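Everything below belongs to my_file17.cif, which stores mmCIF, C-alpha atoms (C1' of nucleotides).
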```cif
data_my_file
loop_
_atom_site.label_atom_id
_atom_site.label_comp_id
_atom_site.auth_asym_id
_atom_site.auth_seq_id
_atom_site.Cartn_x
_atom_site.Cartn_y
_atom_site.Cartn_z
CA MET A 1 0.00 0.00 0.00
CA SER A 2 2.04 2.93 -1.24
CA ASP A 3 -1.03 5.11 -1.65
CA LEU A 4 -0.88 8.14 0.64
CA ALA A 5 -4.62 8.85 0.48
CA VAL A 6 -6.31 8.22 3.81
CA GLN A 7 -9.33 5.91 3.72
CA LEU A 8 -12.12 8.14 4.98
CA PRO A 9 -15.10 6.54 6.71
CA GLU A 10 -17.34 8.81 4.68
CA THR A 11 -18.95 8.08 1.36
CA ASN A 12 -17.70 10.99 -0.68
CA ARG A 13 -20.24 10.94 -3.45
CA ARG A 14 -21.47 14.35 -4.52
CA LEU A 15 -24.98 15.33 -3.42
CA ASP A 16 -27.63 14.66 -6.04
CA ALA A 17 -30.98 16.38 -6.50
CA ILE A 18 -32.77 14.04 -4.06
CA ASP A 19 -30.14 14.58 -1.32
CA ARG A 20 -30.59 18.32 -1.70
CA LYS A 21 -34.37 17.99 -1.46
CA ILE A 22 -33.98 15.92 1.71
CA LEU A 23 -31.73 18.62 3.19
CA MET A 24 -34.22 21.35 2.29
CA VAL A 25 -37.05 19.42 3.96
CA LEU A 26 -35.03 18.59 7.10
CA GLN A 27 -33.70 22.13 7.46
CA ASP A 28 -37.30 23.27 7.63
CA ASP A 29 -38.83 20.47 9.72
CA ALA A 30 -36.84 17.70 11.32
CA SER A 31 -39.84 16.25 13.14
CA LEU A 32 -41.26 14.61 10.00
CA SER A 33 -41.25 10.83 9.74
CA VAL A 34 -38.92 9.19 7.25
CA ALA A 35 -41.96 8.00 5.28
CA GLU A 36 -43.30 11.57 4.99
CA ILE A 37 -39.90 12.88 3.87
CA GLY A 38 -39.72 10.02 1.37
CA ASP A 39 -43.12 11.03 -0.03
CA ARG A 40 -41.99 14.61 -0.48
CA VAL A 41 -38.77 13.71 -2.28
CA GLY A 42 -40.23 10.80 -4.27
CA LEU A 43 -38.69 7.84 -2.44
CA SER A 44 -40.01 5.05 -0.23
CA SER A 45 -38.90 5.03 3.37
CA THR A 46 -35.92 2.66 3.21
CA PRO A 47 -33.84 4.47 0.56
CA CYS A 48 -34.82 7.79 2.10
CA TRP A 49 -33.69 6.55 5.50
CA LYS A 50 -30.39 5.32 4.02
CA ARG A 51 -29.71 8.70 2.42
CA ILE A 52 -30.42 10.53 5.68
CA GLN A 53 -28.05 8.14 7.51
CA ARG A 54 -25.36 8.83 4.93
CA LEU A 55 -25.84 12.59 5.12
CA GLU A 56 -25.38 12.33 8.89
CA ALA A 57 -22.35 10.03 8.64
CA ASP A 58 -20.74 12.35 6.08
CA GLY A 59 -21.28 15.34 8.36
CA VAL A 60 -23.50 17.17 5.87
CA ILE A 61 -26.20 17.09 8.56
CA LEU A 62 -24.42 18.33 11.69
CA LYS A 63 -27.16 17.81 14.27
CA ARG A 64 -30.87 18.09 14.95
CA VAL A 65 -31.96 20.79 17.34
CA ALA A 66 -35.04 22.49 18.73
CA LEU A 67 -35.30 26.23 18.08
CA VAL A 68 -36.53 28.26 21.04
CA ASP A 69 -38.34 31.62 20.99
CA GLN A 70 -35.90 34.19 22.35
CA ASN A 71 -38.61 36.46 23.74
CA LYS A 72 -40.56 33.67 25.45
CA ILE A 73 -37.56 32.92 27.67
CA GLY A 74 -36.86 36.55 28.43
CA LEU A 75 -33.92 37.17 26.13
CA GLY A 76 -35.10 40.41 24.60
CA ILE A 77 -31.86 41.96 23.40
CA SER A 78 -29.68 41.10 20.40
CA VAL A 79 -26.44 43.01 19.94
CA PHE A 80 -23.96 43.01 17.09
CA VAL A 81 -20.49 43.71 18.46
CA SER A 82 -17.58 44.80 16.24
CA VAL A 83 -14.13 44.35 17.71
CA GLU A 84 -10.76 45.78 16.66
CA SER A 85 -7.53 44.51 18.11
CA SER A 86 -4.00 45.91 18.03
CA ASP A 87 -2.42 42.54 18.79
CA HIS A 88 -2.52 40.17 15.80
CA SER A 89 -0.42 37.35 17.22
CA ASP A 90 -1.53 33.70 17.22
CA ALA A 91 -1.31 33.62 21.00
CA TRP A 92 -3.60 36.62 21.38
CA LEU A 93 -6.16 35.15 18.92
CA LYS A 94 -6.08 31.78 20.67
CA LYS A 95 -6.80 33.39 24.03
CA PHE A 96 -9.50 35.67 22.60
CA ALA A 97 -11.18 32.81 20.67
CA GLU A 98 -11.23 30.59 23.75
CA ALA A 99 -12.59 33.29 26.05
CA VAL A 100 -15.33 34.39 23.65
CA SER A 101 -16.31 30.83 22.63
CA ALA A 102 -16.88 30.00 26.28
CA MET A 103 -19.39 32.84 26.71
CA PRO A 104 -22.94 31.45 26.26
CA GLU A 105 -24.32 34.89 25.32
CA VAL A 106 -22.24 34.80 22.12
CA MET A 107 -24.21 33.00 19.43
CA GLU A 108 -21.94 33.87 16.50
CA PHE A 109 -18.33 34.85 16.35
CA TYR A 110 -16.40 35.47 13.12
CA ARG A 111 -12.94 36.70 12.24
CA MET A 112 -13.40 39.32 9.52
CA ALA A 113 -11.57 40.83 6.58
CA GLY A 114 -11.27 44.64 6.47
CA ASP A 115 -11.74 47.44 8.99
CA VAL A 116 -13.43 45.31 11.68
CA ASP A 117 -11.35 42.41 13.02
CA TYR A 118 -14.09 40.39 14.75
CA MET A 119 -17.84 40.34 14.69
CA LEU A 120 -20.10 38.88 17.40
CA ARG A 121 -23.84 38.38 17.74
CA VAL A 122 -24.76 38.44 21.41
CA VAL A 123 -28.10 37.67 23.09
CA VAL A 124 -28.97 38.94 26.58
CA ALA A 125 -32.03 39.54 28.78
CA ASP A 126 -31.61 43.29 29.38
CA MET A 127 -29.20 46.22 29.39
CA GLN A 128 -27.83 45.33 32.79
CA SER A 129 -26.94 41.85 31.53
CA TYR A 130 -25.35 43.40 28.48
CA ASP A 131 -23.19 45.57 30.66
CA VAL A 132 -22.08 42.50 32.61
CA PHE A 133 -21.24 40.78 29.32
CA TYR A 134 -19.42 43.86 27.99
CA LYS A 135 -17.21 44.13 31.04
CA LYS A 136 -16.45 40.40 30.84
CA LEU A 137 -15.51 40.83 27.15
CA ILE A 138 -13.19 43.81 27.56
CA SER A 139 -11.47 42.30 30.58
CA ALA A 140 -10.78 38.95 28.86
CA VAL A 141 -7.97 40.21 26.55
CA PRO A 142 -6.73 43.67 25.48
CA LEU A 143 -8.91 45.18 22.72
CA LYS A 144 -8.39 48.38 20.71
CA ASN A 145 -12.00 49.22 19.94
CA VAL A 146 -15.42 47.67 20.68
CA THR A 147 -18.62 48.91 19.02
CA SER A 148 -22.02 47.62 20.18
CA ARG A 149 -24.99 47.95 17.84
CA PHE A 150 -28.40 47.09 19.28
CA ALA A 151 -31.17 45.36 17.32
CA MET A 152 -34.60 47.00 17.58
CA GLU A 153 -36.55 44.44 15.58
CA LYS A 154 -35.81 40.95 14.26
CA ILE A 155 -37.23 40.99 10.74
CA LYS A 156 -35.90 37.61 9.59
CA SER A 157 -33.93 34.83 11.21
CA VAL A 158 -33.53 31.37 9.71
CA THR A 159 -31.22 28.40 10.15
CA ALA A 160 -31.97 26.92 6.71
CA LEU A 161 -29.11 27.50 4.29
CA PRO A 162 -30.03 28.36 0.69
CA ILE A 163 -29.19 25.01 -0.89
CA PRO A 164 -27.81 25.65 -4.40
CA ALA A 165 -29.38 23.81 -7.31
CA VAL A 166 -27.35 20.94 -8.77
CA VAL A 167 -24.79 22.24 -11.22
CA ALA A 168 -24.99 20.53 -14.58
CA ALA A 169 -21.84 18.52 -15.38
CA MET B 1 -69.08 37.41 29.57
CA SER B 2 -67.94 40.98 29.86
CA ASP B 3 -64.29 40.01 30.20
CA LEU B 4 -62.25 41.38 27.33
CA ALA B 5 -59.35 38.99 27.84
CA VAL B 6 -59.11 36.51 24.98
CA GLN B 7 -58.97 32.86 26.00
CA LEU B 8 -55.60 31.76 24.69
CA PRO B 9 -55.12 28.10 23.79
CA GLU B 10 -51.77 28.30 25.57
CA THR B 11 -50.97 27.39 29.12
CA ASN B 12 -49.28 30.52 30.37
CA ARG B 13 -47.52 29.11 33.36
CA ARG B 14 -44.00 30.41 33.85
CA LEU B 15 -41.19 28.03 32.99
CA ASP B 16 -39.81 26.12 35.94
CA ALA B 17 -36.34 24.63 36.39
CA ILE B 18 -37.30 21.34 34.68
CA ASP B 19 -38.77 23.14 31.65
CA ARG B 20 -35.54 25.08 31.29
CA LYS B 21 -33.48 21.90 31.52
CA ILE B 22 -35.64 20.31 28.82
CA LEU B 23 -35.08 23.34 26.60
CA MET B 24 -31.33 23.21 27.15
CA VAL B 25 -31.25 19.52 26.23
CA LEU B 26 -33.46 19.93 23.14
CA GLN B 27 -31.56 22.98 21.91
CA ASP B 28 -28.47 20.82 21.87
CA ASP B 29 -29.91 17.52 20.57
CA ALA B 30 -33.47 17.10 19.37
CA SER B 31 -32.90 13.52 18.22
CA LEU B 32 -33.00 12.13 21.76
CA SER B 33 -35.93 9.94 22.79
CA VAL B 34 -38.38 11.32 25.31
CA ALA B 35 -37.24 8.65 27.80
CA GLU B 36 -33.60 9.79 27.46
CA ILE B 37 -34.57 13.44 27.95
CA GLY B 38 -36.67 12.42 30.95
CA ASP B 39 -33.65 10.67 32.46
CA ARG B 40 -31.50 13.75 32.05
CA VAL B 41 -34.02 16.10 33.66
CA GLY B 42 -35.21 13.66 36.33
CA LEU B 43 -38.65 12.72 35.01
CA SER B 44 -40.24 9.57 33.59
CA SER B 45 -41.28 9.68 29.96
CA THR B 46 -44.97 10.63 30.22
CA PRO B 47 -44.57 13.85 32.25
CA CYS B 48 -41.51 14.73 30.19
CA TRP B 49 -43.49 14.19 26.99
CA LYS B 50 -46.36 16.33 28.29
CA ARG B 51 -44.00 19.18 29.16
CA ILE B 52 -42.45 19.05 25.69
CA GLN B 53 -45.95 19.10 24.15
CA ARG B 54 -46.83 22.14 26.24
CA LEU B 55 -43.61 23.95 25.35
CA GLU B 56 -44.47 23.37 21.68
CA ALA B 57 -48.11 24.44 22.07
CA ASP B 58 -47.03 27.58 23.93
CA GLY B 59 -44.61 28.46 21.14
CA VAL B 60 -41.57 28.31 23.43
CA ILE B 61 -40.23 25.60 21.12
CA LEU B 62 -40.69 27.06 17.63
CA LYS B 63 -39.67 24.09 15.52
CA ARG B 64 -37.22 21.24 15.17
CA VAL B 65 -34.69 21.48 12.39
CA ALA B 66 -31.59 19.79 11.00
CA LEU B 67 -28.45 21.94 10.88
CA VAL B 68 -26.40 21.56 7.71
CA ASP B 69 -22.66 22.16 7.25
CA GLN B 70 -22.30 25.32 5.16
CA ASN B 71 -19.00 24.26 3.59
CA LYS B 72 -20.15 20.73 2.69
CA ILE B 73 -22.81 22.18 0.41
CA GLY B 74 -20.48 24.72 -1.16
CA LEU B 75 -21.59 27.85 0.68
CA GLY B 76 -18.18 29.18 1.60
CA ILE B 77 -18.86 32.86 2.14
CA SER B 78 -20.58 34.68 5.02
CA VAL B 79 -21.07 38.43 4.74
CA PHE B 80 -22.32 40.95 7.27
CA VAL B 81 -24.08 43.76 5.45
CA SER B 82 -24.81 47.14 7.09
CA VAL B 83 -27.47 49.26 5.41
CA GLU B 84 -28.35 52.95 5.82
CA SER B 85 -31.49 54.39 4.34
CA SER B 86 -32.58 57.99 3.78
CA ASP B 87 -36.26 57.05 3.58
CA HIS B 88 -37.73 56.15 6.99
CA SER B 89 -41.39 55.82 5.99
CA ASP B 90 -43.53 52.80 6.83
CA ALA B 91 -44.13 52.14 3.14
CA TRP B 92 -40.40 52.06 2.37
CA LEU B 93 -39.68 49.72 5.31
CA LYS B 94 -42.52 47.41 4.30
CA LYS B 95 -41.16 47.11 0.78
CA PHE B 96 -37.57 46.67 1.96
CA ALA B 97 -38.55 44.08 4.60
CA GLU B 98 -40.55 42.07 2.07
CA ALA B 99 -37.84 42.16 -0.59
CA VAL B 100 -35.04 41.17 1.80
CA SER B 101 -37.10 38.51 3.62
CA ALA B 102 -37.76 36.82 0.29
CA MET B 103 -34.03 36.46 -0.45
CA PRO B 104 -32.87 32.97 0.63
CA GLU B 105 -29.24 34.13 0.96
CA VAL B 106 -30.28 36.36 3.89
CA MET B 107 -30.20 34.30 7.07
CA GLU B 108 -30.62 37.19 9.51
CA PHE B 109 -32.09 40.61 9.11
CA TYR B 110 -32.47 43.14 11.93
CA ARG B 111 -33.58 46.75 12.19
CA MET B 112 -31.00 48.50 14.33
CA ALA B 113 -30.67 51.44 16.70
CA GLY B 114 -27.91 53.96 15.98
CA ASP B 115 -25.67 54.73 13.01
CA VAL B 116 -26.55 51.60 11.02
CA ASP B 117 -30.24 51.21 10.10
CA TYR B 118 -30.26 47.52 9.11
CA MET B 119 -27.95 44.59 9.56
CA LEU B 120 -27.95 41.42 7.45
CA ARG B 121 -26.06 38.14 7.58
CA VAL B 122 -25.80 36.72 4.09
CA VAL B 123 -24.51 33.30 2.94
CA VAL B 124 -23.34 32.67 -0.63
CA ALA B 125 -21.19 30.18 -2.58
CA ASP B 126 -18.61 32.61 -3.99
CA MET B 127 -17.82 36.25 -4.83
CA GLN B 128 -19.71 36.07 -8.10
CA SER B 129 -22.85 34.96 -6.25
CA TYR B 130 -22.32 37.74 -3.73
CA ASP B 131 -22.19 40.27 -6.54
CA VAL B 132 -25.47 38.91 -7.91
CA PHE B 133 -26.98 39.22 -4.45
CA TYR B 134 -25.58 42.73 -3.95
CA LYS B 135 -27.06 44.00 -7.21
CA LYS B 136 -30.40 42.40 -6.31
CA LEU B 137 -30.28 44.15 -2.92
CA ILE B 138 -29.44 47.64 -4.15
CA SER B 139 -32.00 47.45 -6.95
CA ALA B 140 -34.86 46.35 -4.66
CA VAL B 141 -35.39 49.74 -2.95
CA PRO B 142 -33.38 52.99 -2.74
CA LEU B 143 -30.56 52.78 -0.15
CA LYS B 144 -28.21 55.50 1.09
CA ASN B 145 -25.23 53.34 2.04
CA VAL B 146 -24.39 49.62 1.99
CA THR B 147 -21.26 48.22 3.65
CA SER B 148 -20.27 44.56 3.13
CA ARG B 149 -17.93 42.93 5.64
CA PHE B 150 -16.60 39.48 4.74
CA ALA B 151 -16.03 36.71 7.29
CA MET B 152 -12.68 34.97 7.03
CA GLU B 153 -13.23 32.34 9.71
CA LYS B 154 -16.26 31.10 11.63
CA ILE B 155 -14.99 30.75 15.19
CA LYS B 156 -18.33 30.02 16.88
CA SER B 157 -21.89 29.55 15.67
CA VAL B 158 -24.67 28.11 17.80
CA THR B 159 -28.47 28.05 17.75
CA ALA B 160 -28.82 27.30 21.47
CA LEU B 161 -29.90 30.37 23.42
CA PRO B 162 -28.30 30.91 26.84
CA ILE B 163 -31.29 29.92 28.98
CA PRO B 164 -31.28 32.11 32.12
CA ALA B 165 -31.48 30.41 35.49
CA VAL B 166 -34.85 30.62 37.26
CA VAL B 167 -35.19 33.94 39.06
CA ALA B 168 -36.06 33.51 42.72
CA ALA B 169 -39.56 34.83 43.50
"C1'" DC C 1 -57.54 18.68 57.88
"C1'" DT C 2 -60.21 18.22 53.46
"C1'" DC C 3 -61.22 18.84 48.96
"C1'" DA C 4 -60.26 20.25 44.19
"C1'" DT C 5 -56.63 20.72 41.08
"C1'" DT C 6 -52.42 19.64 39.10
"C1'" DT C 7 -48.64 16.68 38.24
"C1'" DT C 8 -46.81 12.26 37.91
"C1'" DG C 9 -46.04 7.49 36.34
"C1'" DA C 10 -47.15 2.48 34.66
"C1'" DG C 11 -48.60 0.22 30.99
"C1'" DA C 12 -51.05 -0.55 26.49
"C1'" DA C 13 -51.94 0.99 21.68
"C1'" DA C 14 -50.40 3.31 17.63
"C1'" DC C 15 -46.86 4.61 15.04
"C1'" DT C 16 -41.76 5.07 13.39
"C1'" DT C 17 -37.39 3.64 12.80
"C1'" DT C 18 -34.28 0.23 11.57
"C1'" DT C 19 -33.06 -4.15 9.64
"C1'" DT C 20 -33.14 -7.92 6.39
"C1'" DC C 21 -33.36 -9.47 2.01
"C1'" DC C 22 -34.12 -9.27 -2.75
"C1'" DA C 23 -35.18 -6.82 -7.33
"C1'" DT C 24 -33.98 -3.23 -10.34
"C1'" DT C 25 -31.15 0.17 -12.48
"C1'" DC C 26 -26.81 2.07 -13.70
"C1'" DT C 27 -21.88 1.97 -15.19
"C1'" DG C 28 -18.06 0.86 -17.65
"C1'" DA C 29 -14.86 -2.94 -19.53
"C1'" DG C 30 -14.50 -6.11 -23.02
"C1'" DC D 1 -24.04 -4.81 -27.59
"C1'" DT D 2 -23.41 -7.74 -23.34
"C1'" DC D 3 -22.14 -8.79 -19.06
"C1'" DA D 4 -20.28 -8.37 -14.16
"C1'" DG D 5 -20.25 -5.55 -10.32
"C1'" DA D 6 -21.83 -1.74 -7.82
"C1'" DA D 7 -25.28 1.25 -6.33
"C1'" DT D 8 -29.97 2.19 -5.46
"C1'" DG D 9 -34.67 1.12 -4.60
"C1'" DG D 10 -38.48 -1.29 -2.24
"C1'" DA D 11 -41.58 -4.70 0.76
"C1'" DA D 12 -42.07 -6.54 4.91
"C1'" DA D 13 -40.75 -7.83 9.63
"C1'" DA D 14 -38.39 -6.66 14.02
"C1'" DA D 15 -37.13 -3.34 17.37
"C1'" DG D 16 -37.91 0.82 19.44
"C1'" DT D 17 -40.50 5.24 20.41
"C1'" DT D 18 -44.28 8.11 20.89
"C1'" DT D 19 -48.75 8.86 22.43
"C1'" DC D 20 -52.72 7.86 25.13
"C1'" DT D 21 -55.49 6.16 29.13
"C1'" DC D 22 -56.13 5.84 33.67
"C1'" DA D 23 -55.20 6.03 38.42
"C1'" DA D 24 -52.05 7.42 42.26
"C1'" DA D 25 -49.43 11.06 44.47
"C1'" DA D 26 -48.44 15.81 45.42
"C1'" DT D 27 -49.85 20.60 46.06
"C1'" DG D 28 -52.24 24.36 47.87
"C1'" DA D 29 -56.61 27.09 48.98
"C1'" DG D 30 -60.09 27.35 52.32
#
```
The structure given in the file should be rewritten as structure tokens.
Amino acid sequence: MSDLAVQLPETNRRLDAIDRKILMVLQDDASLSVAEIGDRVGLSSTPCWKRIQRLEADGVILKRVALVDQNKIGLGISVFVSVESSDHSDAWLKKFAEAVSAMPEVMEFYRMAGDVDYMLRVVVADMQSYDVFYKKLISAVPLKNVTSRFAMEKIKSVTALPIPAVVAA
Amino acid sequence: MSDLAVQLPETNRRLDAIDRKILMVLQDDASLSVAEIGDRVGLSSTPCWKRIQRLEADGVILKRVALVDQNKIGLGISVFVSVESSDHSDAWLKKFAEAVSAMPEVMEFYRMAGDVDYMLRVVVADMQSYDVFYKKLISAVPLKNVTSRFAMEKIKSVTALPIPAVVAA
DNA sequence: CTCATTTTGAGAAACTTTTTCCATTCTGAG
DNA sequence: CTCAGAATGGAAAAAGTTTCTCAAAATGAG
């Protein structure tokens, strides 16, 4: 065996039109039975079940979750936080990434290109909680500039990715 | 019946510690059986099932979905878009909200307080697709200023809200 | 304490998922 | 074209889960 290629446990077939349909259905409603999904994508339950298993094994489907209403549990405030740093070392980033990732209020955290170095979406109950979070953030690692922008109204929020149509070969 | 209060179909009891635990578990893994969830929150399956049913009926649990890996389906680019408008009329907002909500690339869309009027998180396959999206956005309604910030690295992204501990009465 | 109300849990019925096994379709070498 | 081998599809049975029914236990107002 001189081949260097690692034998992956995944089936690395490209996603066909039916796989994409299954993903669209499951991104919208993961409580459907396999038979119902099969109906919608034009498959009986066994092959549909096998495709879903493969999509999970291949990591295309990451997990199944319940989505909770932010307001019903008293989390009224969403804040977009832009961060600029003067330290661009690996060590600084590692420490910052670890500290921020551990904060449950942070729902999204990206390293950016351009004027802003990092971007966070933070969810808290009220202004007082935001202040607690803010102090925690600025005391975690040295930061050059932090800008907080508060959301007044959530107009759209989805978890379903826009699955691209199959590209013709 | 002179009472003006509408009889809601919901049970409007406040969430207790067990309800919150159930929500934490389901936000992380909605593929667990009711018996397994019951075990984790200290309940047998029937009462656990009833609480989940109530949380769904009350709209605390909005839906159950599958989360898909953005990169595995070829959606490599995340963009945060800040929008400023010069028109602040209801009619303009209605048109803008409808146009943007209908765009599948837009995963989040908030009306903001402060310098930026709107904030969008957009997901696309490549720069060419972003340009198509951008042109679609600026041609939908008149906009004063649009700033696109590109994500280089997704450091954290979760759908699980930080469920606050029960406040002592 | 007593009663009405709410919450809980055991078990049975209905339904779903998962497995087994076989038929069909597709692919590419000869 | 023709065939072997692989991949995909499907029916039906087995295993597991959800959902429902009913009665016991807990709670709390009077």
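Restricting the calculation to all atoms listed in the file, the smallest distance between chain A and any of C:DG11, C:DT17, C:DA23, C:DG30 is found for C:DT17.
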Counting all atoms listed in the file, chain C residues within 10 Å of chain A, as a CSV table (one decimal) with C-alpha atoms (C1' of nucleotides), in the coordinates of the input:
```
chain,number,residue,atom,x,y,z
C,15,DC,C1',-46.9,4.6,15.0
C,16,DT,C1',-41.8,5.1,13.4
C,17,DT,C1',-37.4,3.6,12.8
C,18,DT,C1',-34.3,0.2,11.6
C,19,DT,C1',-33.1,-4.2,9.6
```
Give me, as JSON lines, each residue of chain A that comes within 8 Å of chain B, together with its shortest interatomic pair and the distance in Å at one decimal, counting only C-alpha atoms, with rows ordered by chain and rising residue number.
```
{"residue": "A:Leu23", "atom": "CA", "partner": "B:Val68", "partner_atom": "CA", "distance": 7.6}
{"residue": "A:Leu26", "atom": "CA", "partner": "B:Ala66", "partner_atom": "CA", "distance": 5.3}
{"residue": "A:Gln27", "atom": "CA", "partner": "B:Ala66", "partner_atom": "CA", "distance": 4.7}
{"residue": "A:Asp28", "atom": "CA", "partner": "B:Val65", "partner_atom": "CA", "distance": 5.7}
{"residue": "A:Asp29", "atom": "CA", "partner": "B:Val65", "partner_atom": "CA", "distance": 5.0}
{"residue": "A:Ala30", "atom": "CA", "partner": "B:Val65", "partner_atom": "CA", "distance": 4.5}
{"residue": "A:Ser31", "atom": "CA", "partner": "B:Arg64", "partner_atom": "CA", "distance": 6.0}
{"residue": "A:Gly59", "atom": "CA", "partner": "B:Asp69", "partner_atom": "CA", "distance": 7.0}
{"residue": "A:Val60", "atom": "CA", "partner": "B:Asp69", "partner_atom": "CA", "distance": 5.2}
{"residue": "A:Ile61", "atom": "CA", "partner": "B:Val68", "partner_atom": "CA", "distance": 4.6}
{"residue": "A:Leu62", "atom": "CA", "partner": "B:Leu67", "partner_atom": "CA", "distance": 5.5}
{"residue": "A:Lys63", "atom": "CA", "partner": "B:Leu67", "partner_atom": "CA", "distance": 5.5}
{"residue": "A:Arg64", "atom": "CA", "partner": "B:Ala66", "partner_atom": "CA", "distance": 4.4}
{"residue": "A:Val65", "atom": "CA", "partner": "B:Ala30", "partner_atom": "CA", "distance": 4.5}
{"residue": "A:Ala66", "atom": "CA", "partner": "B:Arg64", "partner_atom": "CA", "distance": 4.4}
{"residue": "A:Leu67", "atom": "CA", "partner": "B:Leu62", "partner_atom": "CA", "distance": 5.5}
{"residue": "A:Val68", "atom": "CA", "partner": "B:Ile61", "partner_atom": "CA", "distance": 4.6}
{"residue": "A:Asp69", "atom": "CA", "partner": "B:Val60", "partner_atom": "CA", "distance": 5.2}
{"residue": "A:Gln70", "atom": "CA", "partner": "B:Leu161", "partner_atom": "CA", "distance": 7.2}
{"residue": "A:Lys72", "atom": "CA", "partner": "B:Val60", "partner_atom": "CA", "distance": 5.8}
{"residue": "A:Ile73", "atom": "CA", "partner": "B:Ile163", "partner_atom": "CA", "distance": 7.1}
{"residue": "A:Ala97", "atom": "CA", "partner": "B:Ile155", "partner_atom": "CA", "distance": 7.0}
{"residue": "A:Ser101", "atom": "CA", "partner": "B:Lys156", "partner_atom": "CA", "distance": 6.1}
{"residue": "A:Pro104", "atom": "CA", "partner": "B:Pro162", "partner_atom": "CA", "distance": 5.4}
{"residue": "A:Glu105", "atom": "CA", "partner": "B:Pro162", "partner_atom": "CA", "distance": 5.8}
{"residue": "A:Met107", "atom": "CA", "partner": "B:Val158", "partner_atom": "CA", "distance": 5.2}
{"residue": "A:Glu108", "atom": "CA", "partner": "B:Ser157", "partner_atom": "CA", "distance": 4.4}
{"residue": "A:Phe109", "atom": "CA", "partner": "B:Lys156", "partner_atom": "CA", "distance": 4.9}
{"residue": "A:Tyr110", "atom": "CA", "partner": "B:Lys154", "partner_atom": "CA", "distance": 4.6}
{"residue": "A:Arg111", "atom": "CA", "partner": "B:Glu153", "partner_atom": "CA", "distance": 5.0}
{"residue": "A:Met112", "atom": "CA", "partner": "B:Ala151", "partner_atom": "CA", "distance": 4.3}
{"residue": "A:Ala113", "atom": "CA", "partner": "B:Phe150", "partner_atom": "CA", "distance": 5.5}
{"residue": "A:Gly114", "atom": "CA", "partner": "B:Arg149", "partner_atom": "CA", "distance": 6.9}
{"residue": "A:Val116", "atom": "CA", "partner": "B:Arg149", "partner_atom": "CA", "distance": 7.9}
{"residue": "A:Val123", "atom": "CA", "partner": "B:Leu161", "partner_atom": "CA", "distance": 7.5}
{"residue": "A:Arg149", "atom": "CA", "partner": "B:Ala113", "partner_atom": "CA", "distance": 6.8}
{"residue": "A:Phe150", "atom": "CA", "partner": "B:Ala113", "partner_atom": "CA", "distance": 5.5}
{"residue": "A:Ala151", "atom": "CA", "partner": "B:Met112", "partner_atom": "CA", "distance": 4.3}
{"residue": "A:Met152", "atom": "CA", "partner": "B:Met112", "partner_atom": "CA", "distance": 5.1}
{"residue": "A:Glu153", "atom": "CA", "partner": "B:Arg111", "partner_atom": "CA", "distance": 5.1}
{"residue": "A:Lys154", "atom": "CA", "partner": "B:Tyr110", "partner_atom": "CA", "distance": 4.6}
{"residue": "A:Ile155", "atom": "CA", "partner": "B:Tyr110", "partner_atom": "CA", "distance": 5.4}
{"residue": "A:Lys156", "atom": "CA", "partner": "B:Phe109", "partner_atom": "CA", "distance": 4.9}
{"residue": "A:Ser157", "atom": "CA", "partner": "B:Glu108", "partner_atom": "CA", "distance": 4.4}
{"residue": "A:Val158", "atom": "CA", "partner": "B:Met107", "partner_atom": "CA", "distance": 5.2}
{"residue": "A:Thr159", "atom": "CA", "partner": "B:Met107", "partner_atom": "CA", "distance": 6.7}
{"residue": "A:Ala160", "atom": "CA", "partner": "B:Leu67", "partner_atom": "CA", "distance": 7.4}
{"residue": "A:Leu161", "atom": "CA", "partner": "B:Gln70", "partner_atom": "CA", "distance": 7.2}
{"residue": "A:Pro162", "atom": "CA", "partner": "B:Pro104", "partner_atom": "CA", "distance": 5.4}
{"residue": "A:Ile163", "atom": "CA", "partner": "B:Ile73", "partner_atom": "CA", "distance": 7.1}
{"residue": "A:Pro164", "atom": "CA", "partner": "B:Ile73", "partner_atom": "CA", "distance": 7.8}
```
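Evaluated on this file, the PyMOL selection byres ((chain D) within 12 of (chain A)) matches D:DA7, D:DT8, D:DG9, D:DG10, D:DA11, D:DA12, D:DT18.
Take CA of Asp16 (chain A) and CA of Gly42 (chain A): the distance between them is 13.3 Å.
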- Message: For a test of reading the model, state the distance in Å between CA of Ser86 (chain A) and CA of Phe133 (chain A), rounded to one decimal.
- Response: 21.2 Å
- Find the distance between CA of His88 (chain B) and CA of Thr147 (chain B) and write it in Å to one decimal. 18.6 Å
- Task: Compile the contact shell of DT5 (chain C) as number ranges by chain: residues with an atom at most 12 Å away, counting all atoms listed in the file, same-chain residues fewer than 2 positions apart removed.
- Result: C: 3, 7; D: 26-29
Write out as a PDB file with C-alpha atoms (C1' of nucleotides), in the coordinates of the input each polymer residue whose atoms come within 12 Å of DA23 (chain D), counting only C-alpha atoms (C1' of nucleotides); drop sequence neighbours fewer than 4 positions from it.
```pdb
ATOM      1  C1'  DT C   8     -46.810  12.260  37.910  1.00  0.00           C
ATOM      2  C1'  DG C   9     -46.040   7.490  36.340  1.00  0.00           C
ATOM      3  C1'  DA C  10     -47.150   2.480  34.660  1.00  0.00           C
ATOM      4  C1'  DG C  11     -48.600   0.220  30.990  1.00  0.00           C
TER       5       DG C  11
END
```
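Evaluating the PyMOL selection byres ((chain A and resi 140) around 10) against the shown model yields Lys95, Phe96, Glu98, Ala99, Val100, Tyr134, Lys135, Lys136, Leu137, Ile138, Ser139, Val141, Pro142 and Leu143 of chain A.
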- Query: Could you pull the residues within 12 Å of DC3 (chain D), counting only C-alpha atoms (C1' of nucleotides), minus those fewer than 3 positions along the same chain, as JSON, numbers by chain?
  - Reply: {"C": [27, 28, 29, 30]}
